[in-house]
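Single-structure report; data block below.
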Amino acid sequence: MSGVIVAVDAGGSKTDAVALTIDGELVAHARGGGSSPHFEGLGEAVAVVDGLVRSVAGRSRVVHAGLYVSGLDLPIEVEQYAAAVAGFDWAGDSTTVANDLYALLRAGTDEPDAVAIVCGTGVNAVGVRADGADVRFPSLGGLSGDWGGGSGLGEQALWHAARDVDGRGPRTALTTAIVDRLGVASVQALIEDLHFGRRDSNDLAALAPAVFEAARSGDAVAAELVDRQADEIVAFARACVTRLGLADRAIPIVLGGGIIRAADPRLISGITSGLAVVAPRARIEMLDASPIVGASLLALATAGASPEALERARSAVARGTRVERVEVARETEPVGS
């Protein structure tokens with residue numbers, strides 16, 4: 001097969017794209033900013049991905065593109081995104097558009113019965129079963145019962161700090177941490193900046209590390225937030241295994257995302273003990289590979305790559321995407337040939 005296969009993992013904070021040969025060789029890697037339609041809007045999100053696809057493909061024909069995108073949680077969102085990219089000259093009938101959770105899941109396991117939970121900017125999960133059944137969540141924030149990730153932790157840190165300052169709530173070290181982390185004059189000044197649109201609420205996600213640090217220092221308010229985050233992750237797992245009838249099966253539960261990768265001991269302990277109750281035979285797989293690895297494996301499999309090529313690609317992409325950009329110095333087939 002001539003040309004290249006392109007895989008994209010489009011997240012809320014960064015976007016990775018790779019081009020590969022059908023034999024699993026890494027041709028190029030490029031990284032850009034976040035491209036979730038929820039945060040950037042559909043037009044800007046697809047523009048980021050278009051630029052990265054063109055960058056990694058270069059003059060090569062794109063045989064297949066697998067786009068795994070954060071924020072595509074409803075069928076209509078997948079349809080709208082697919083329609084938005086359909087006009088690009090590299091997109092074709094075989095272009096795959098799906099939620100990035102599937103890339104995270106594939107990066108962690110190839111077992112047919114499995115669960116993947118991501119906790120990064122937000123929290124979401126997917127459960128799959130060998131017969132093709134899956135469990136998904138709308139992931140629309142508070143409207144659909146979601147809480148957590150950097151955004152949720154940051155918002156709650158500010159909520160508690162505001163109540164500390166005006167006397168409605170308990171004292172917490174988060175108040176000082178917010179001022180220091182975000183470089184604001186005071187909690188009240190930050191609230192006013194957010195209210196009048198002088199500051200983006202997405203900035204609050206940067207407070208997540210401060211929550212974990214305060215909890216480790218003995219702050220009761222922060223510790224409660226860490227425990228709540230662990231409970232939310234367990235709740236996603238419980239919903240997946242219960243709805244799929246996998247609660248008593250020895251399945252992998254893949255955990256990924258920046259919050260989980262930080263491996264806070266209190267958080268991981270809470271997740272582990274909670275999962276032991278809801279899925280006692282399940283094993284936790286802490287994802288140490290980037291989701292772009294999973295996106296690459298899915299794209300290659302769709303293009304018909306061999307098992308040997310998939311193994312080659314796993315190693316090549318994991319190694320090659322540790323840097324900002326990697327290109328293999330070799331010629332690939334020009335566009336349209």
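Starting from 1 in every chain, residues are counted up; chains themselves are A, B, ... following the order of the structure tokens, and ligands are numbered from 1 as listed.
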What are the nearest atom pairs, with distances in Å to one decimal, for all residues of region 53-120 of chain A that come at most 9 Å from region 24-28 of chain A, using only C-alpha atoms, set out by chain and rising residue number as CSV?
```
residue,atom,partner,partner_atom,distance
A:Ser55,CA,A:Ala28,CA,8.4
A:Val56,CA,A:Ala28,CA,5.1
A:Ala57,CA,A:Ala28,CA,7.5
A:Gly58,CA,A:Ala28,CA,8.9
```
Restricting it to N, CA and C atoms, dump the selection as a JSON list (two decimals), in the first residue's frame.
```
[["chain", "number", "residue", "atom", "x", "y", "z"],
["A", 55, "SER", "N", 0.66, 18.65, 8.11],
["A", 55, "SER", "CA", 2.06, 18.71, 8.53],
["A", 55, "SER", "C", 2.71, 17.33, 8.51],
["A", 56, "VAL", "N", 2.04, 16.33, 9.09],
["A", 56, "VAL", "CA", 2.65, 15.00, 9.17],
["A", 56, "VAL", "C", 2.60, 14.26, 7.84],
["A", 57, "ALA", "N", 1.54, 14.51, 7.04],
["A", 57, "ALA", "CA", 1.43, 13.81, 5.76],
["A", 57, "ALA", "C", 2.40, 14.38, 4.73],
["A", 58, "GLY", "N", 2.70, 15.68, 4.83],
["A", 58, "GLY", "CA", 3.60, 16.29, 3.86],
["A", 58, "GLY", "C", 3.05, 16.14, 2.46]]
```
Dump as a tab-separated table the rows for residues of region 291-328 of chain A within 12 Å of region 107-113 of chain A: closest atom pair and distance in Å with one decimal, only C-alpha atoms counted, ordered by chain and rising residue number.
```
residue	atom	partner	partner_atom	distance
A:Pro291	CA	A:Ala107	CA	5.7
A:Ile292	CA	A:Ala107	CA	7.7
A:Val293	CA	A:Ala107	CA	5.5
A:Gly294	CA	A:Ala107	CA	3.8
A:Ala295	CA	A:Ala107	CA	7.5
A:Ser296	CA	A:Ala107	CA	8.9
A:Leu297	CA	A:Ala107	CA	7.8
A:Leu298	CA	A:Ala107	CA	9.2
A:Ala301	CA	A:Asp110	CA	11.6
A:Pro307	CA	A:Asp110	CA	11.8
A:Leu310	CA	A:Asp110	CA	11.4
A:Glu311	CA	A:Ala107	CA	11.7
A:Ala313	CA	A:Ala107	CA	11.5
A:Arg314	CA	A:Ala107	CA	8.5
A:Ser315	CA	A:Ala107	CA	11.4
A:Val317	CA	A:Ala107	CA	10.9
A:Ala318	CA	A:Ala107	CA	9.9
```
Determine, for each residue of region 119-224 of chain A having at least one atom at most 12 Å from an atom of region 259-278 of chain A, the closest pair of atoms and their separation in Å to one decimal, counting only C-alpha atoms; order by chain and ascending number, as a tab-separated table.
```
residue	atom	partner	partner_atom	distance
A:Cys119	CA	A:Ile259	CA	5.6
A:Gly120	CA	A:Ile259	CA	5.2
A:Thr121	CA	A:Ile259	CA	8.0
A:Gly122	CA	A:Ile259	CA	9.2
A:Val123	CA	A:Ile259	CA	9.6
A:Gly148	CA	A:Ile259	CA	9.7
A:Gly149	CA	A:Ile259	CA	6.7
A:Gly150	CA	A:Ile259	CA	7.1
A:Ser151	CA	A:Ile259	CA	10.7
A:Gly152	CA	A:Ile259	CA	11.4
A:Leu153	CA	A:Ile259	CA	10.1
A:Ala205	CA	A:Ile259	CA	10.4
A:Ala206	CA	A:Ile259	CA	11.0
A:Leu207	CA	A:Ile259	CA	11.4
A:Ala208	CA	A:Ile259	CA	7.9
A:Pro209	CA	A:Ile259	CA	8.4
A:Ala210	CA	A:Asp264	CA	11.7
A:Val211	CA	A:Asp264	CA	10.6
A:Phe212	CA	A:Asp264	CA	7.0
A:Glu213	CA	A:Asp264	CA	9.0
A:Ala214	CA	A:Asp264	CA	11.7
A:Ala215	CA	A:Arg266	CA	8.5
A:Arg216	CA	A:Arg266	CA	8.1
A:Ser217	CA	A:Arg266	CA	11.7
A:Gly218	CA	A:Arg266	CA	11.4
A:Ala222	CA	A:Arg266	CA	11.1
A:Ala223	CA	A:Arg266	CA	8.3
A:Glu224	CA	A:Arg266	CA	10.5
```
Could you write out the selected residues, including C-alpha atoms, as a compact mmCIF listing (two decimals), in the first residue's frame?
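The file below, out_35.txt, is the result:
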```
# COMPACT_ATOMS: atom_id res chain seq x y z
CA CYS A 119 -9.31 12.04 34.30
CA GLY A 120 -7.57 15.05 32.83
CA THR A 121 -9.22 18.39 32.17
CA GLY A 122 -12.50 16.55 32.82
CA VAL A 123 -13.61 12.99 33.54
CA GLY A 148 -14.05 16.25 38.36
CA GLY A 149 -10.82 16.53 36.47
CA GLY A 150 -8.75 19.69 36.53
CA SER A 151 -11.78 21.87 35.78
CA GLY A 152 -13.95 20.38 38.51
CA LEU A 153 -11.21 20.41 41.12
CA ALA A 205 -7.85 23.73 35.87
CA ALA A 206 -4.33 24.88 36.76
CA LEU A 207 -5.34 24.71 40.43
CA ALA A 208 -5.60 20.90 40.48
CA PRO A 209 -1.98 20.33 41.60
CA ALA A 210 -2.56 22.77 44.47
CA VAL A 211 -5.51 20.69 45.65
CA PHE A 212 -3.38 17.55 45.87
CA GLU A 213 -0.51 19.41 47.55
CA ALA A 214 -2.85 20.89 50.16
CA ALA A 215 -4.37 17.49 50.84
CA ARG A 216 -0.94 15.97 51.38
CA SER A 217 -0.20 18.78 53.86
CA GLY A 218 -3.26 17.86 55.90
CA ALA A 222 -8.56 19.60 49.90
CA ALA A 223 -8.54 16.02 51.19
CA GLU A 224 -12.32 15.88 50.80
```
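For the set A:Val48, A:Arg136, A:Ala19, A:Val69, the residue with the smallest atom-to-atom gap to Arg243 (chain A) is A:Arg136, counting only C-alpha atoms.
As for CA of Ser306 (chain A) and CA of Asp23 (chain A), they are spaced 7.5 Å apart.
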Check: Can you list, as a PyMOL selection string, every protein, DNA or RNA residue that comes within 9 Å of Glu232 (chain A) when you count only C-alpha atoms, leaving out same-chain residues fewer than 2 positions away?
Finding: chain A and resi 123+146-148+227-230+234-237+271
For the selection just defined, write its residues with all heavy atoms to a file, as an mmCIF file, in the first residue's frame.
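That gives us selection_7.cif:
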```
data_model
loop_
_atom_site.group_PDB
_atom_site.id
_atom_site.type_symbol
_atom_site.label_atom_id
_atom_site.label_comp_id
_atom_site.auth_asym_id
_atom_site.auth_seq_id
_atom_site.Cartn_x
_atom_site.Cartn_y
_atom_site.Cartn_z
ATOM 1 N N VAL A 123 -13.562 14.427 33.273
ATOM 2 C CA VAL A 123 -13.614 12.994 33.536
ATOM 3 C C VAL A 123 -14.627 12.362 32.597
ATOM 4 O O VAL A 123 -15.707 12.912 32.372
ATOM 5 C CB VAL A 123 -14.025 12.690 34.994
ATOM 6 C CG1 VAL A 123 -13.916 11.202 35.287
ATOM 7 C CG2 VAL A 123 -13.176 13.471 35.972
ATOM 8 N N ASP A 146 -21.813 15.050 35.653
ATOM 9 C CA ASP A 146 -20.361 14.872 35.688
ATOM 10 C C ASP A 146 -19.710 15.839 36.675
ATOM 11 O O ASP A 146 -20.165 16.964 36.852
ATOM 12 C CB ASP A 146 -19.760 15.128 34.293
ATOM 13 C CG ASP A 146 -20.482 14.359 33.209
ATOM 14 O OD1 ASP A 146 -20.796 13.184 33.434
ATOM 15 O OD2 ASP A 146 -20.733 14.949 32.150
ATOM 16 N N TRP A 147 -18.629 15.383 37.262
ATOM 17 C CA TRP A 147 -17.805 16.273 38.079
ATOM 18 C C TRP A 147 -16.391 15.729 38.125
ATOM 19 O O TRP A 147 -16.177 14.512 38.180
ATOM 20 C CB TRP A 147 -18.322 16.385 39.517
ATOM 21 C CG TRP A 147 -17.435 17.310 40.312
ATOM 22 C CD1 TRP A 147 -17.482 18.666 40.334
ATOM 23 C CD2 TRP A 147 -16.300 16.930 41.112
ATOM 24 N NE1 TRP A 147 -16.470 19.168 41.103
ATOM 25 C CE2 TRP A 147 -15.729 18.134 41.594
ATOM 26 C CE3 TRP A 147 -15.727 15.718 41.463
ATOM 27 C CZ2 TRP A 147 -14.606 18.146 42.417
ATOM 28 C CZ3 TRP A 147 -14.603 15.719 42.276
ATOM 29 C CH2 TRP A 147 -14.058 16.925 42.760
ATOM 30 N N GLY A 148 -15.434 16.651 38.122
ATOM 31 C CA GLY A 148 -14.054 16.252 38.362
ATOM 32 C C GLY A 148 -13.101 16.683 37.282
ATOM 33 O O GLY A 148 -13.414 17.512 36.425
ATOM 34 N N ASP A 227 -10.792 12.850 47.762
ATOM 35 C CA ASP A 227 -11.623 11.661 47.989
ATOM 36 C C ASP A 227 -12.845 11.667 47.072
ATOM 37 O O ASP A 227 -13.255 10.611 46.555
ATOM 38 C CB ASP A 227 -12.075 11.600 49.451
ATOM 39 C CG ASP A 227 -10.926 11.345 50.415
ATOM 40 O OD1 ASP A 227 -9.852 10.910 49.946
ATOM 41 O OD2 ASP A 227 -11.103 11.595 51.620
ATOM 42 N N ARG A 228 -13.409 12.841 46.856
ATOM 43 C CA ARG A 228 -14.563 12.933 45.953
ATOM 44 C C ARG A 228 -14.156 12.561 44.531
ATOM 45 O O ARG A 228 -14.904 11.886 43.821
ATOM 46 C CB ARG A 228 -15.146 14.348 45.987
ATOM 47 C CG ARG A 228 -16.370 14.520 45.095
ATOM 48 C CD ARG A 228 -16.882 15.950 45.110
ATOM 49 N NE ARG A 228 -17.986 16.122 44.176
ATOM 50 C CZ ARG A 228 -18.540 17.287 43.859
ATOM 51 N NH1 ARG A 228 -18.104 18.403 44.435
ATOM 52 N NH2 ARG A 228 -19.522 17.347 42.976
ATOM 53 N N GLN A 229 -12.952 12.993 44.117
ATOM 54 C CA GLN A 229 -12.486 12.632 42.781
ATOM 55 C C GLN A 229 -12.325 11.129 42.637
ATOM 56 O O GLN A 229 -12.704 10.541 41.619
ATOM 57 C CB GLN A 229 -11.164 13.330 42.473
ATOM 58 C CG GLN A 229 -10.628 13.056 41.078
ATOM 59 C CD GLN A 229 -11.524 13.620 40.008
ATOM 60 O OE1 GLN A 229 -11.367 14.738 39.579
ATOM 61 N NE2 GLN A 229 -12.494 12.833 39.556
ATOM 62 N N ALA A 230 -11.762 10.484 43.642
ATOM 63 C CA ALA A 230 -11.625 9.023 43.605
ATOM 64 C C ALA A 230 -12.991 8.356 43.499
ATOM 65 O O ALA A 230 -13.188 7.413 42.719
ATOM 66 C CB ALA A 230 -10.886 8.535 44.850
ATOM 67 N N VAL A 234 -14.487 5.825 40.488
ATOM 68 C CA VAL A 234 -15.065 4.514 40.809
ATOM 69 C C VAL A 234 -16.506 4.428 40.327
ATOM 70 O O VAL A 234 -16.953 3.380 39.831
ATOM 71 C CB VAL A 234 -14.974 4.243 42.328
ATOM 72 C CG1 VAL A 234 -15.739 2.974 42.702
ATOM 73 C CG2 VAL A 234 -13.511 4.129 42.765
ATOM 74 N N ALA A 235 -17.252 5.520 40.427
ATOM 75 C CA ALA A 235 -18.646 5.529 39.977
ATOM 76 C C ALA A 235 -18.744 5.253 38.476
ATOM 77 O O ALA A 235 -19.637 4.531 38.023
ATOM 78 C CB ALA A 235 -19.307 6.865 40.321
ATOM 79 N N PHE A 236 -17.834 5.833 37.688
ATOM 80 C CA PHE A 236 -17.814 5.548 36.256
ATOM 81 C C PHE A 236 -17.559 4.065 36.014
ATOM 82 O O PHE A 236 -18.219 3.432 35.171
ATOM 83 C CB PHE A 236 -16.726 6.379 35.567
ATOM 84 C CG PHE A 236 -17.177 7.730 35.109
ATOM 85 C CD1 PHE A 236 -16.714 8.876 35.739
ATOM 86 C CD2 PHE A 236 -18.036 7.865 34.031
ATOM 87 C CE1 PHE A 236 -17.111 10.136 35.298
ATOM 88 C CE2 PHE A 236 -18.440 9.123 33.586
ATOM 89 C CZ PHE A 236 -17.982 10.264 34.231
ATOM 90 N N ALA A 237 -16.580 3.510 36.732
ATOM 91 C CA ALA A 237 -16.269 2.087 36.565
ATOM 92 C C ALA A 237 -17.464 1.227 36.939
ATOM 93 O O ALA A 237 -17.803 0.260 36.231
ATOM 94 C CB ALA A 237 -15.052 1.723 37.414
ATOM 95 N N ILE A 271 -9.127 5.098 44.614
ATOM 96 C CA ILE A 271 -9.596 4.400 43.413
ATOM 97 C C ILE A 271 -9.444 2.891 43.587
ATOM 98 O O ILE A 271 -10.356 2.119 43.288
ATOM 99 C CB ILE A 271 -8.817 4.883 42.181
ATOM 100 C CG1 ILE A 271 -9.100 6.355 41.901
ATOM 101 C CG2 ILE A 271 -9.166 4.033 40.965
ATOM 102 C CD1 ILE A 271 -8.195 6.960 40.848
#
```
Show me, as JSON lines, the residues of region 118-144 of chain A having an atom within 12 Å of region 83-104 of chain A, each with the closest atom pair and its distance in Å, using only C-alpha atoms.
```
{"residue": "A:Val118", "atom": "CA", "partner": "A:Leu101", "partner_atom": "CA", "distance": 7.4}
{"residue": "A:Cys119", "atom": "CA", "partner": "A:Leu101", "partner_atom": "CA", "distance": 10.8}
{"residue": "A:Gly120", "atom": "CA", "partner": "A:Leu101", "partner_atom": "CA", "distance": 11.7}
{"residue": "A:Val123", "atom": "CA", "partner": "A:Leu101", "partner_atom": "CA", "distance": 10.5}
{"residue": "A:Asn124", "atom": "CA", "partner": "A:Leu101", "partner_atom": "CA", "distance": 7.9}
{"residue": "A:Ala125", "atom": "CA", "partner": "A:Leu101", "partner_atom": "CA", "distance": 6.9}
{"residue": "A:Val126", "atom": "CA", "partner": "A:Leu101", "partner_atom": "CA", "distance": 6.6}
{"residue": "A:Gly127", "atom": "CA", "partner": "A:Tyr102", "partner_atom": "CA", "distance": 9.4}
{"residue": "A:Val128", "atom": "CA", "partner": "A:Tyr102", "partner_atom": "CA", "distance": 9.5}
{"residue": "A:Asp134", "atom": "CA", "partner": "A:Tyr102", "partner_atom": "CA", "distance": 10.7}
{"residue": "A:Val135", "atom": "CA", "partner": "A:Leu101", "partner_atom": "CA", "distance": 11.4}
{"residue": "A:Arg136", "atom": "CA", "partner": "A:Leu101", "partner_atom": "CA", "distance": 9.6}
{"residue": "A:Phe137", "atom": "CA", "partner": "A:Leu101", "partner_atom": "CA", "distance": 11.0}
{"residue": "A:Pro138", "atom": "CA", "partner": "A:Asn99", "partner_atom": "CA", "distance": 11.3}
{"residue": "A:Ser139", "atom": "CA", "partner": "A:Asn99", "partner_atom": "CA", "distance": 11.3}
```
Notebook entry, point to check: What is the distance, in Å and to one decimal place, between CA of Phe39 (chain A) and CA of Asp193 (chain A)?
Noted result: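 About the pair CA of Phe39 (chain A) and CA of Asp193 (chain A): they are 19.2 Å apart.
The neighbours of Ile5 (chain A) here are the residues that come within 8 Å of it, using only C-alpha atoms and leaving out any residue fewer than 2 positions away in the same chain; they are Gly3, Ala7, Ala19, Leu20, Thr21, Ile22, Val62, Val63, His64, Ala65, Ala299, Leu300 and Ala303 of chain A.
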Just the selected residues (all heavy atoms), exported as a compact mmCIF listing (two decimals), in the first residue's frame, please.
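Output file out-v2.txt is given in full below:
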```txt
# COMPACT_ATOMS: atom_id res chain seq x y z
N GLY A 3 1.39 5.58 0.11
CA GLY A 3 0.84 6.65 0.92
C GLY A 3 1.02 6.38 2.40
O GLY A 3 1.77 5.48 2.80
N ALA A 7 -2.98 9.18 12.10
CA ALA A 7 -3.77 9.04 13.33
C ALA A 7 -3.66 10.33 14.13
O ALA A 7 -2.59 10.95 14.18
CB ALA A 7 -3.26 7.87 14.17
N ALA A 19 1.98 10.21 11.20
CA ALA A 19 1.83 9.54 9.91
C ALA A 19 2.67 8.28 9.96
O ALA A 19 3.80 8.28 10.47
CB ALA A 19 2.30 10.45 8.77
N LEU A 20 2.09 7.18 9.47
CA LEU A 20 2.75 5.88 9.51
C LEU A 20 2.62 5.19 8.16
O LEU A 20 1.68 5.45 7.40
CB LEU A 20 2.12 4.98 10.58
CG LEU A 20 2.07 5.53 12.00
CD1 LEU A 20 0.65 5.50 12.52
CD2 LEU A 20 2.98 4.71 12.90
N THR A 21 3.53 4.27 7.89
CA THR A 21 3.36 3.39 6.75
C THR A 21 2.50 2.21 7.17
O THR A 21 2.31 1.95 8.37
CB THR A 21 4.71 2.86 6.23
OG1 THR A 21 5.26 1.95 7.21
CG2 THR A 21 5.70 4.01 6.00
N ILE A 22 2.01 1.46 6.21
CA ILE A 22 1.19 0.29 6.51
C ILE A 22 2.00 -0.78 7.24
O ILE A 22 1.44 -1.66 7.90
CB ILE A 22 0.57 -0.29 5.21
CG1 ILE A 22 -0.52 -1.32 5.53
CG2 ILE A 22 1.66 -0.88 4.33
CD1 ILE A 22 -1.71 -0.77 6.27
N VAL A 62 -2.84 10.54 1.85
CA VAL A 62 -3.39 9.95 3.08
C VAL A 62 -4.34 8.82 2.68
O VAL A 62 -5.42 9.04 2.14
CB VAL A 62 -4.14 11.02 3.90
CG1 VAL A 62 -4.76 10.37 5.14
CG2 VAL A 62 -3.19 12.14 4.31
N VAL A 63 -3.91 7.61 2.96
CA VAL A 63 -4.70 6.43 2.63
C VAL A 63 -5.89 6.29 3.58
O VAL A 63 -7.00 5.94 3.17
CB VAL A 63 -3.82 5.16 2.70
CG1 VAL A 63 -4.65 3.90 2.47
CG2 VAL A 63 -2.69 5.25 1.68
N HIS A 64 -5.64 6.54 4.85
CA HIS A 64 -6.70 6.48 5.87
C HIS A 64 -6.33 7.43 6.99
O HIS A 64 -5.16 7.57 7.35
CB HIS A 64 -6.84 5.06 6.42
CG HIS A 64 -7.72 4.98 7.63
ND1 HIS A 64 -9.09 5.15 7.57
CD2 HIS A 64 -7.43 4.80 8.95
CE1 HIS A 64 -9.60 5.06 8.78
NE2 HIS A 64 -8.62 4.84 9.64
N ALA A 65 -7.34 8.10 7.54
CA ALA A 65 -7.14 8.98 8.69
C ALA A 65 -8.07 8.52 9.81
O ALA A 65 -9.27 8.35 9.60
CB ALA A 65 -7.43 10.43 8.33
N ALA A 299 -6.03 3.11 13.77
CA ALA A 299 -5.98 3.55 12.38
C ALA A 299 -5.31 2.50 11.50
O ALA A 299 -5.78 2.20 10.39
CB ALA A 299 -5.25 4.89 12.27
N LEU A 300 -4.22 1.94 11.97
CA LEU A 300 -3.53 0.91 11.19
C LEU A 300 -4.38 -0.34 11.02
O LEU A 300 -4.42 -0.93 9.94
CB LEU A 300 -2.20 0.55 11.87
CG LEU A 300 -1.06 1.54 11.67
CD1 LEU A 300 0.11 1.19 12.58
CD2 LEU A 300 -0.59 1.55 10.21
N ALA A 303 -6.86 0.15 8.40
CA ALA A 303 -6.23 0.15 7.08
C ALA A 303 -5.76 -1.24 6.66
O ALA A 303 -5.30 -1.41 5.53
CB ALA A 303 -5.07 1.14 7.06
```
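Here CA of Thr172 (chain A) and CA of Leu143 (chain A) stand 28.1 Å from one another.
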Checklist line | Counting only C-alpha atoms, the option among A:Ala10, A:Val4, A:Leu67, A:Ala82 closest to Ala45 (chain A) | finding: A:Ala10
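Across region 141-306 of chain A, DSSP run on the backbone finds strand (DSSP E or B) at Pro252, Ile253, Val254, Leu255, Gly256, Arg283, Ile284, Glu285 and Met286 of chain A.
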Output N, CA, C and O atoms of each residue in that selection to a file, as a tab-separated table (two decimals), in the first residue's frame.
```tsv
chain	number	residue	atom	x	y	z
A	252	PRO	N	-9.60	-5.70	32.33
A	252	PRO	CA	-8.73	-4.55	32.60
A	252	PRO	C	-9.55	-3.27	32.73
A	252	PRO	O	-10.52	-3.06	31.98
A	253	ILE	N	-9.19	-2.44	33.67
A	253	ILE	CA	-9.74	-1.09	33.78
A	253	ILE	C	-8.57	-0.14	33.57
A	253	ILE	O	-7.69	-0.01	34.42
A	254	VAL	N	-8.56	0.50	32.41
A	254	VAL	CA	-7.45	1.38	32.02
A	254	VAL	C	-7.70	2.78	32.57
A	254	VAL	O	-8.77	3.36	32.35
A	255	LEU	N	-6.73	3.31	33.27
A	255	LEU	CA	-6.84	4.64	33.86
A	255	LEU	C	-5.81	5.56	33.21
A	255	LEU	O	-4.62	5.24	33.16
A	256	GLY	N	-6.28	6.69	32.68
A	256	GLY	CA	-5.37	7.63	32.02
A	256	GLY	C	-5.77	9.07	32.26
A	256	GLY	O	-6.76	9.35	32.95
A	283	ARG	N	-8.52	-5.80	37.07
A	283	ARG	CA	-7.15	-5.34	37.33
A	283	ARG	C	-6.99	-3.94	36.77
A	283	ARG	O	-7.48	-3.62	35.69
A	284	ILE	N	-6.31	-3.12	37.50
A	284	ILE	CA	-6.08	-1.74	37.10
A	284	ILE	C	-4.86	-1.67	36.18
A	284	ILE	O	-3.80	-2.22	36.49
A	285	GLU	N	-5.04	-1.01	35.03
A	285	GLU	CA	-3.94	-0.77	34.11
A	285	GLU	C	-3.68	0.73	34.08
A	285	GLU	O	-4.47	1.50	33.52
A	286	MET	N	-2.61	1.17	34.73
A	286	MET	CA	-2.25	2.59	34.70
A	286	MET	C	-1.57	2.87	33.36
A	286	MET	O	-0.50	2.34	33.07
```
Checklist line | Residue list (helix (DSSP H, G or I), DSSP) for region 23-132 of chain A, as a PyMOL selection string | finding: chain A and resi 37-40+42-57+75-85+101-108
Next item on the list: Have a look at A:Tyr81, A:Trp159, A:Tyr68, A:Phe196 and name the one nearest to Ala17 (chain A); count only C-alpha atoms.
Entry: A:Tyr68
